[in-house]
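Single-structure report; data block below.
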Amino acid sequence: MAADTLFQRITDYAHRADPYPLYAELREHRVARQEDGSYLVGTYHEIEALLHDPRVSSDRRNRTAPDETEAGDAGLPPAFIGLDDPEHHRLRSLAMRSFGPPHTPGRINGMHGEITRIVKDFLAGLEGKDRIDIVDDFAYPLPVTVICRLLGVPIEDEPRFRQWSDAIVAGIDPNPKEDPAERQRAAAEARKAMALYLGDLAEKRRDHPSDDMLSAFAAGDDTDGRLTPLEIMTTSVLLLIAGHETTVNLITNGVLTLLRHPDQLARLRNDPTLMPRAVEELLRYEPPVQMLPQRTPLADIEVAGLTVPKGAPLILMLASGNRDPERFPDPDRFDPLREDIQHLGFGSGIHSCFGAPLARLEAQIALNELLRHLDTPRLAEDPPPYRRSPVLRGPRHLLVEHG
């Protein structure tokens, strides 16, 4: 079939449950120009090189024909994920000061106990149920709760964040039965409400700080600069939305993969210390983010012998690169003991996933505790119904019977 329709076929919902044969077709071309003038890149080494190439922009405004601002921005400036250096570096560095090494190296590891308690609380609520929906009952509410605790949102306000997150996710993950304009309006309102709430809470923490990220954002350090109130809003909303979506899919895809590989599930249940390596293999085998659709060359660049013109949409198919046989032996086999898993599941380069340490920890704890909780689990439906989004790919529901 024609290479210039690959993106249409990949994004067609009919292929959501198994896009991997289409990714194999893409890798045969390495780079495929599409009917609309965009370019798909599907091979590992080319994707990795482009993720480290300073001539490739993450700012949509650099496209020859700029696309519409991402739905739901609600008048807020772009978060650093959609900016280039030096502004990207400034904002990301200021945010990272409160999130990880070298300034706060223990922030994420220090949450191990609290995340474990949160996971166990969710699982306790499932006692007595012999049929559960891994998405609605567990993987979907978990990351919102964890990020709210990380930011310092009072527990009594966490339900508001679940409601806002529901509306924002609906904007990202469209339902063909709903009015798209109304959905985008609701997403924008939710994003704005979340941003205003977090901005107000950060202001309160400026005078009455506690040991949370909003307090750290608000305190800042004038020697190295600090985030403005508006930048605190956009960075906090980014952390919550991006961290939520990827972690839901990582956990749900993980459960689905393990239930499809009962021998590996049994191995991990018997030896929970293997879970960190298993999560890395899951990030390669079924990555929560399938593609990066918003890259743009700042100059004509050559990719695998093809010239991609300045300003053209450049779509990096991470999930295809993760199954590239030129990089990974037997790439379609799930092997939690695989060596050398330098996957693209969190991207690479200056835009590698900011929240990766938190997502890893949540997934490791969540999957280990689930394996302890579920007695002889089995899928009620395979394949399950998938979310509409081809970018954030994962089951919309995952019904599991056990006991």
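Within each chain, counting starts at residue 1; across the structure tokens, chains are named A, B, ... in the order shown, with ligands numbered 1 upward in that order.
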Please report as CSV every residue of region 377-401 of chain A lying within 8 Å of region 280-301 of chain A, along with the nearest atom pair and their distance in Å (one decimal), using only C-alpha atoms.
residue,atom,partner,partner_atom,distance
A:Pro390,CA,A:Gln290,CA,7.1
A:Val391,CA,A:Gln290,CA,5.2
A:Leu392,CA,A:Val289,CA,4.9
A:Arg393,CA,A:Pro288,CA,5.8
A:Gly394,CA,A:Pro288,CA,6.7
Can I get the selection written as an mmCIF file, in the first residue's frame, with C-alpha atoms?
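Contents of part-v2.cif, freshly written:
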data_model
loop_
_atom_site.group_PDB
_atom_site.id
_atom_site.type_symbol
_atom_site.label_atom_id
_atom_site.label_comp_id
_atom_site.auth_asym_id
_atom_site.auth_seq_id
_atom_site.Cartn_x
_atom_site.Cartn_y
_atom_site.Cartn_z
ATOM 1 C CA PRO A 390 -3.447 7.417 18.539
ATOM 2 C CA VAL A 391 -0.810 9.456 20.395
ATOM 3 C CA LEU A 392 -1.660 8.416 23.963
ATOM 4 C CA ARG A 393 -2.492 4.798 23.206
ATOM 5 C CA GLY A 394 -3.979 2.537 25.862
#
Leu259 (chain A): which residues within 8 Å, counting only C-alpha atoms, same-chain residues fewer than 2 positions away excluded, as a compact mmCIF listing (two decimals) with N, CA and C atoms, in the first residue's frame?
# COMPACT_ATOMS: atom_id res chain seq x y z
N VAL A 255 -0.52 -4.04 32.73
CA VAL A 255 -1.40 -5.12 33.19
C VAL A 255 -1.83 -5.99 32.01
N LEU A 256 -2.22 -5.35 30.90
CA LEU A 256 -2.65 -6.10 29.72
C LEU A 256 -1.53 -7.00 29.20
N THR A 257 -0.33 -6.46 29.13
CA THR A 257 0.81 -7.25 28.63
C THR A 257 1.12 -8.43 29.54
N HIS A 261 0.94 -12.61 29.03
CA HIS A 261 2.18 -13.40 29.20
C HIS A 261 2.20 -13.97 30.62
N PRO A 262 1.36 -14.96 30.89
CA PRO A 262 1.22 -15.47 32.28
C PRO A 262 2.52 -16.02 32.86
N LEU A 265 4.23 -13.03 34.14
CA LEU A 265 3.50 -12.54 35.31
C LEU A 265 3.87 -13.36 36.54
N PRO A 377 -5.69 -13.78 37.99
CA PRO A 377 -6.39 -12.81 37.13
C PRO A 377 -6.47 -13.28 35.68
N ARG A 378 -7.53 -12.88 35.00
CA ARG A 378 -7.70 -13.21 33.58
C ARG A 378 -8.49 -12.09 32.90
N LEU A 379 -8.18 -11.88 31.65
CA LEU A 379 -8.85 -10.83 30.89
C LEU A 379 -10.28 -11.24 30.57
Original post:
Using only C-alpha atoms, which residues sit within 9 Å of region 323-330 of chain A once same-chain residues fewer than 5 positions away are excluded, as a PyMOL selection string?
Top reply: chain A and resi 20+23-24+27+42-45+284-285+318+340-341
Original post:
So which residues touch Phe161 (chain A) within 8 Å, counting only C-alpha atoms, skipping near sequence neighbours fewer than 6 positions away, as a list in words?
Top reply: Val144, Cys148 and Met194 of chain A
With N, CA and C atoms retained, export the selected residues as a PDB file, in the first residue's frame.
ATOM      1  N   VAL A 144      -3.571  11.021  39.429  1.00  0.00           N
ATOM      2  CA  VAL A 144      -4.082  12.324  39.868  1.00  0.00           C
ATOM      3  C   VAL A 144      -3.832  12.495  41.357  1.00  0.00           C
ATOM      4  N   CYS A 148      -1.309  15.277  42.957  1.00  0.00           N
ATOM      5  CA  CYS A 148      -1.877  16.239  43.911  1.00  0.00           C
ATOM      6  C   CYS A 148      -1.078  16.248  45.211  1.00  0.00           C
ATOM      7  N   MET A 194      -8.010  24.825  36.730  1.00  0.00           N
ATOM      8  CA  MET A 194      -6.907  24.147  37.406  1.00  0.00           C
ATOM      9  C   MET A 194      -5.713  25.089  37.569  1.00  0.00           C
TER      10      MET A 194
END
Subject >> Ile350 (chain A) surroundings by only C-alpha atoms, 10 Å radius, close-in-sequence under 5 positions cut, as a list in words >> reply: Leu51, His52, Asp53, Pro54, Ile81, Asp84, Asp85, His88, His89 and Arg92 of chain A
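If you measure from each of A:Ala187, A:Leu367, A:Leu198, A:Leu358 to Pro154 (chain A) using only C-alpha atoms, the closest one turns out to be A:Leu198.
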Original post:
Using only C-alpha atoms, which residue out of A:Leu126, A:Met96, A:Ile115, A:Ala2 lies closest to Leu227 (chain A)?
Top reply: A:Met96
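Secondary structure by DSSP on the backbone puts the following residues of region 5-216 of chain A in strand (DSSP E): Val31, Ala32, Arg33, Tyr39, Leu40, Val41, Val56, Ser57, Arg131, Ile132 and Asp133 of chain A.
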**OP:** Would you please give, as a PyMOL selection string, all residues of region 123-333 of chain A that DSSP assigns to alpha helix (DSSP H) based on the backbone?
**Re:** chain A and resi 123-124+134+141-151+158-172+180-207+213-219+229-260+262-270+275-285+318-321
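Using only C-alpha atoms, the residues found no farther than 12 Å from Gln34 (chain A), other than those of its own chain fewer than 2 positions away, are A:Ala2, A:Ala3, A:Asp4, A:Thr5, A:Leu6, A:Phe7, A:Gln8, A:Arg9, A:Ile10, A:Leu26, A:His29, A:Val31, A:Ala32, A:Asp36, A:Gly37, A:Ser38, A:Tyr39, A:Leu40, A:Val41, A:Val308, A:Ala312, A:Pro313, A:Leu314, A:Ile315.
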Take the residues that were just selected and, keeping C-alpha atoms, output them as a PDB file, in the first residue's frame.
ATOM      1  CA  ALA A   2       1.073   3.612  -0.504  1.00  0.00           C
ATOM      2  CA  ALA A   3       3.490   5.054   2.040  1.00  0.00           C
ATOM      3  CA  ASP A   4       1.814   8.480   1.788  1.00  0.00           C
ATOM      4  CA  THR A   5      -1.303   7.189   3.552  1.00  0.00           C
ATOM      5  CA  LEU A   6       0.522   5.550   6.458  1.00  0.00           C
ATOM      6  CA  PHE A   7      -0.382   8.255   8.959  1.00  0.00           C
ATOM      7  CA  GLN A   8      -4.061   8.031   8.003  1.00  0.00           C
ATOM      8  CA  ARG A   9      -3.974   4.291   8.534  1.00  0.00           C
ATOM      9  CA  ILE A  10      -2.015   4.483  11.795  1.00  0.00           C
ATOM     10  CA  LEU A  26       6.851   2.398   8.034  1.00  0.00           C
ATOM     11  CA  HIS A  29      10.560   3.257   4.219  1.00  0.00           C
ATOM     12  CA  VAL A  31      10.998   8.089   6.375  1.00  0.00           C
ATOM     13  CA  ALA A  32       7.631   8.455   4.628  1.00  0.00           C
ATOM     14  CA  ASP A  36      -0.463  16.497   3.615  1.00  0.00           C
ATOM     15  CA  GLY A  37       3.271  17.293   3.414  1.00  0.00           C
ATOM     16  CA  SER A  38       4.215  15.853   6.810  1.00  0.00           C
ATOM     17  CA  TYR A  39       7.017  13.309   7.278  1.00  0.00           C
ATOM     18  CA  LEU A  40       6.865  10.160   9.399  1.00  0.00           C
ATOM     19  CA  VAL A  41      10.082   8.729  10.853  1.00  0.00           C
ATOM     20  CA  VAL A 308      12.735  17.148   4.998  1.00  0.00           C
ATOM     21  CA  ALA A 312       7.363  20.771   7.506  1.00  0.00           C
ATOM     22  CA  PRO A 313       5.534  18.751  10.193  1.00  0.00           C
ATOM     23  CA  LEU A 314       7.889  16.017  11.411  1.00  0.00           C
ATOM     24  CA  ILE A 315       6.241  13.102  13.242  1.00  0.00           C
TER      25      ILE A 315
END
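Here the question is which of A:Ala304, A:Ala139, A:Met275, A:Ala79 gets nearest to Leu238 (chain A) using only C-alpha atoms, and that residue is A:Ala79.
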